[in-house]
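Single-structure report; data block below.
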Amino acid sequence: MKTLVTCNVNGEETSVLADTRDTLLDLLRDRLGLTGTKEGCGNGNCGTCTVLMDGAPVNACLVLALEAPGRAITTVEGLAVAGELHPLQRALVQHCGTQCGFCTPGIVLAAKALLDENPRPNEAQIRHAIAGNLCRCTGYGKIVEAIAAVAAAREQG
Ligand code: FES
Ligand code: FES
């Protein structure tokens with residue numbers, strides 16, 4: 001059975017038909033074509049599918065599409081402004097915090113949620129914020145460095 005889901009996706013009111021069994025991840029990737037959100041495990045273990053729902057990070061594979069109506073969803077596609085990468089995206093590139101890039105959208109969104117709530121996190125808080133996001137390539141040192149650099153730059157600015 002299909003249901004019309006209306007929610008705000010990356011700042012735009014969006015209405016889309018979803019199957020009652022669809023996850024938010026299905027809604028974003030398959031119904032809206034927002035494939036920046038990746039599917040790794042599909043069962044809540046890897047964090048690759050992390051998006052923001054009303055500003056809080058969620059695993060989109062664990063949220064039903066029918067939970068989305070009235071909510072604000074932010075995906076990685078919503079971060080760049082006028083073609084300019086978000087500072088977290090730039091920092092991950094500059095600090096070599098991304099290799100295959102599969103985990104990167106989820107990590108960027110988890111880090112964004114952290115910095116929105118706590119602009120000056122310490123290393124432990126950064127590691128805690130991305131603890132649910134698995135990276136098979138880089139290890140975490142460079143990712144943590146990148147997030148810390150964005151926080152430090154904001155502090156100076
Ligand atoms: Fe959602 Fe792994 S795909 S947590
Ligand atoms: Fe490849 Fe993280 S950069 S999984």
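Chain labels A, B, ... are given in the sequence in which chains occur in the structure tokens; within each chain residues are numbered consecutively from 1, and ligands are likewise numbered from 1 in the order shown.
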
Could I get the residues of stretch 25-76 of chain A with an atom no further than 12 Å from an atom of stretch 4-13 of chain A, each paired with its nearest atom pair and that distance in Å to one decimal, using only C-alpha atoms, sorted by chain and residue number, as a tab-separated table?
residue	atom	partner	partner_atom	distance
A:Leu27	CA	A:Val5	CA	9.2
A:Leu28	CA	A:Val9	CA	8.9
A:Arg31	CA	A:Val5	CA	10.8
A:Leu32	CA	A:Val9	CA	9.6
A:Gly33	CA	A:Val9	CA	11.9
A:Leu34	CA	A:Val9	CA	10.0
A:Val51	CA	A:Asn10	CA	10.6
A:Leu52	CA	A:Asn10	CA	9.8
A:Met53	CA	A:Val9	CA	9.5
A:Asp54	CA	A:Asn8	CA	9.5
A:Gly55	CA	A:Asn10	CA	11.2
A:Leu64	CA	A:Val5	CA	10.9
A:Ala65	CA	A:Val5	CA	7.5
A:Leu66	CA	A:Val5	CA	6.7
A:Glu67	CA	A:Val5	CA	8.8
A:Ala68	CA	A:Cys7	CA	6.1
A:Pro69	CA	A:Cys7	CA	4.8
A:Gly70	CA	A:Cys7	CA	4.9
A:Arg71	CA	A:Cys7	CA	5.4
A:Ala72	CA	A:Asn8	CA	4.6
A:Ile73	CA	A:Val9	CA	4.8
A:Thr74	CA	A:Asn10	CA	4.9
A:Thr75	CA	A:Asn10	CA	6.6
A:Val76	CA	A:Asn10	CA	8.7

- Quick one: pick out all strand (DSSP E) residues within chain A from a backbone DSSP run and write them as number ranges by chain. A: 2-9, 12-19, 50-53, 56-59, 72-74

With the cut-off set at 6 Å and counting only C-alpha atoms and all ligand atoms, tabulate each residue of chain A with an atom at most that distance from an atom of ligand 1, showing the nearest atom pair and its distance in Å to one decimal, ordered by chain and increasing number, as JSON lines.
{"residue": "A:Glu39", "atom": "CA", "partner": "ligand 1", "partner_atom_place_in_ligand_line": "3 (S)", "distance": 4.1}
{"residue": "A:Gly40", "atom": "CA", "partner": "ligand 1", "partner_atom_place_in_ligand_line": "3 (S)", "distance": 4.0}
{"residue": "A:Cys41", "atom": "CA", "partner": "ligand 1", "partner_atom_place_in_ligand_line": "2 (Fe)", "distance": 3.9}
{"residue": "A:Gly42", "atom": "CA", "partner": "ligand 1", "partner_atom_place_in_ligand_line": "3 (S)", "distance": 3.8}
{"residue": "A:Asn43", "atom": "CA", "partner": "ligand 1", "partner_atom_place_in_ligand_line": "4 (S)", "distance": 5.5}
{"residue": "A:Gly44", "atom": "CA", "partner": "ligand 1", "partner_atom_place_in_ligand_line": "4 (S)", "distance": 3.3}
{"residue": "A:Asn45", "atom": "CA", "partner": "ligand 1", "partner_atom_place_in_ligand_line": "4 (S)", "distance": 4.5}
{"residue": "A:Cys46", "atom": "CA", "partner": "ligand 1", "partner_atom_place_in_ligand_line": "2 (Fe)", "distance": 3.8}
{"residue": "A:Gly47", "atom": "CA", "partner": "ligand 1", "partner_atom_place_in_ligand_line": "4 (S)", "distance": 4.0}
{"residue": "A:Thr48", "atom": "CA", "partner": "ligand 1", "partner_atom_place_in_ligand_line": "2 (Fe)", "distance": 5.2}
{"residue": "A:Cys49", "atom": "CA", "partner": "ligand 1", "partner_atom_place_in_ligand_line": "1 (Fe)", "distance": 4.5}
{"residue": "A:Asn59", "atom": "CA", "partner": "ligand 1", "partner_atom_place_in_ligand_line": "1 (Fe)", "distance": 5.0}
{"residue": "A:Ala60", "atom": "CA", "partner": "ligand 1", "partner_atom_place_in_ligand_line": "1 (Fe)", "distance": 5.8}
{"residue": "A:Cys61", "atom": "CA", "partner": "ligand 1", "partner_atom_place_in_ligand_line": "1 (Fe)", "distance": 4.3}

Writer output for current selection, N, CA, C and O atoms, as an mmCIF file, in the first residue's frame:
data_model
loop_
_atom_site.group_PDB
_atom_site.id
_atom_site.type_symbol
_atom_site.label_atom_id
_atom_site.label_comp_id
_atom_site.auth_asym_id
_atom_site.auth_seq_id
_atom_site.Cartn_x
_atom_site.Cartn_y
_atom_site.Cartn_z
ATOM 1 N N GLU A 39 23.782 2.984 1.755
ATOM 2 C CA GLU A 39 23.317 1.827 2.523
ATOM 3 C C GLU A 39 24.481 0.873 2.697
ATOM 4 O O GLU A 39 25.051 0.390 1.716
ATOM 5 N N GLY A 40 24.843 0.633 3.940
ATOM 6 C CA GLY A 40 25.887 -0.350 4.232
ATOM 7 C C GLY A 40 25.245 -1.628 4.709
ATOM 8 O O GLY A 40 24.939 -2.524 3.928
ATOM 9 N N CYS A 41 24.973 -1.689 6.004
ATOM 10 C CA CYS A 41 24.470 -2.941 6.589
ATOM 11 C C CYS A 41 22.962 -3.101 6.448
ATOM 12 O O CYS A 41 22.452 -4.217 6.409
ATOM 13 N N GLY A 42 22.243 -1.992 6.444
ATOM 14 C CA GLY A 42 20.782 -2.060 6.382
ATOM 15 C C GLY A 42 20.142 -2.446 7.697
ATOM 16 O O GLY A 42 18.925 -2.644 7.759
ATOM 17 N N ASN A 43 20.924 -2.549 8.759
ATOM 18 C CA ASN A 43 20.309 -2.947 10.043
ATOM 19 C C ASN A 43 20.824 -2.185 11.262
ATOM 20 O O ASN A 43 20.781 -2.688 12.371
ATOM 21 N N GLY A 44 21.317 -0.969 11.027
ATOM 22 C CA GLY A 44 21.643 -0.123 12.180
ATOM 23 C C GLY A 44 23.039 -0.290 12.741
ATOM 24 O O GLY A 44 23.346 0.272 13.798
ATOM 25 N N ASN A 45 23.905 -1.014 12.060
ATOM 26 C CA ASN A 45 25.231 -1.266 12.632
ATOM 27 C C ASN A 45 26.347 -0.358 12.124
ATOM 28 O O ASN A 45 27.359 -0.206 12.805
ATOM 29 N N CYS A 46 26.214 0.209 10.930
ATOM 30 C CA CYS A 46 27.388 0.868 10.333
ATOM 31 C C CYS A 46 27.329 2.388 10.315
ATOM 32 O O CYS A 46 28.361 3.037 10.159
ATOM 33 N N GLY A 47 26.149 2.966 10.417
ATOM 34 C CA GLY A 47 26.037 4.430 10.420
ATOM 35 C C GLY A 47 26.192 5.087 9.058
ATOM 36 O O GLY A 47 26.100 6.312 8.942
ATOM 37 N N THR A 48 26.408 4.289 8.039
ATOM 38 C CA THR A 48 26.613 4.847 6.700
ATOM 39 C C THR A 48 25.401 5.640 6.218
ATOM 40 O O THR A 48 25.537 6.578 5.434
ATOM 41 N N CYS A 49 24.236 5.260 6.696
ATOM 42 C CA CYS A 49 22.990 5.881 6.237
ATOM 43 C C CYS A 49 22.577 7.068 7.097
ATOM 44 O O CYS A 49 21.433 7.521 6.992
ATOM 45 N N ASN A 59 19.821 6.754 11.994
ATOM 46 C CA ASN A 59 20.136 5.774 10.960
ATOM 47 C C ASN A 59 18.901 5.641 10.075
ATOM 48 O O ASN A 59 17.873 5.100 10.503
ATOM 49 N N ALA A 60 19.012 6.123 8.836
ATOM 50 C CA ALA A 60 17.832 6.153 7.964
ATOM 51 C C ALA A 60 17.309 4.751 7.664
ATOM 52 O O ALA A 60 16.143 4.582 7.320
ATOM 53 N N CYS A 61 18.160 3.742 7.824
ATOM 54 C CA CYS A 61 17.704 2.365 7.565
ATOM 55 C C CYS A 61 16.815 1.843 8.687
ATOM 56 O O CYS A 61 16.156 0.813 8.519
#

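Of the listed residues A:Glu145, A:Glu155, A:Asp22, A:Glu77, the one whose atoms come nearest to A:Ala111 is A:Glu145, with distances taken using only C-alpha atoms.
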
- Got a sec to tell me which of chain A DSSP assigns to helix (DSSP H, G or I), as a ChimeraX atom specification? /A:24-31,60-62,65-67,76-78,87-94,104-117,123-129,141-156

Using only C-alpha atoms and all ligand atoms, find each residue of chain A with at least one atom at most 6 Å away from an atom of ligand 2; report its shortest atom-to-atom pair and that distance in Å (one decimal), sort the rows by chain and rising residue number, and return the result as a Markdown table.
| residue | atom | partner | partner_atom_place_in_ligand_line | distance |
| --- | --- | --- | --- | --- |
| A:Thr98 | CA | ligand 2 | 3 (S) | 4.2 |
| A:Gln99 | CA | ligand 2 | 3 (S) | 4.0 |
| A:Cys100 | CA | ligand 2 | 1 (Fe) | 3.9 |
| A:Gly101 | CA | ligand 2 | 3 (S) | 4.1 |
| A:Phe102 | CA | ligand 2 | 4 (S) | 4.8 |
| A:Cys103 | CA | ligand 2 | 2 (Fe) | 4.3 |
| A:Thr104 | CA | ligand 2 | 2 (Fe) | 5.9 |
| A:Cys135 | CA | ligand 2 | 2 (Fe) | 3.7 |
| A:Arg136 | CA | ligand 2 | 4 (S) | 4.3 |
| A:Cys137 | CA | ligand 2 | 1 (Fe) | 4.3 |
| A:Thr138 | CA | ligand 2 | 3 (S) | 5.7 |

- Item | Distance query A:Gly97 at most 7 Å, only C-alpha atoms, self and fewer than 4 positions along chain excluded, as a PyMOL selection string | chain A and resi 92-93+138+142-143+146

- Nearest-residue call for A:Pro105, choices A:Gly83, A:His128, A:Asn122, A:Asn133, using only C-alpha atoms: A:Asn133

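A straight line drawn from atom CA of A:Leu25 to atom CA of A:Ile147 is 25.0 Å long.
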
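With distances taken over only C-alpha atoms, A:Val144 is the one residue among A:Ile130, A:Leu24, A:Val144, A:Met1 lying closest to A:Cys96.
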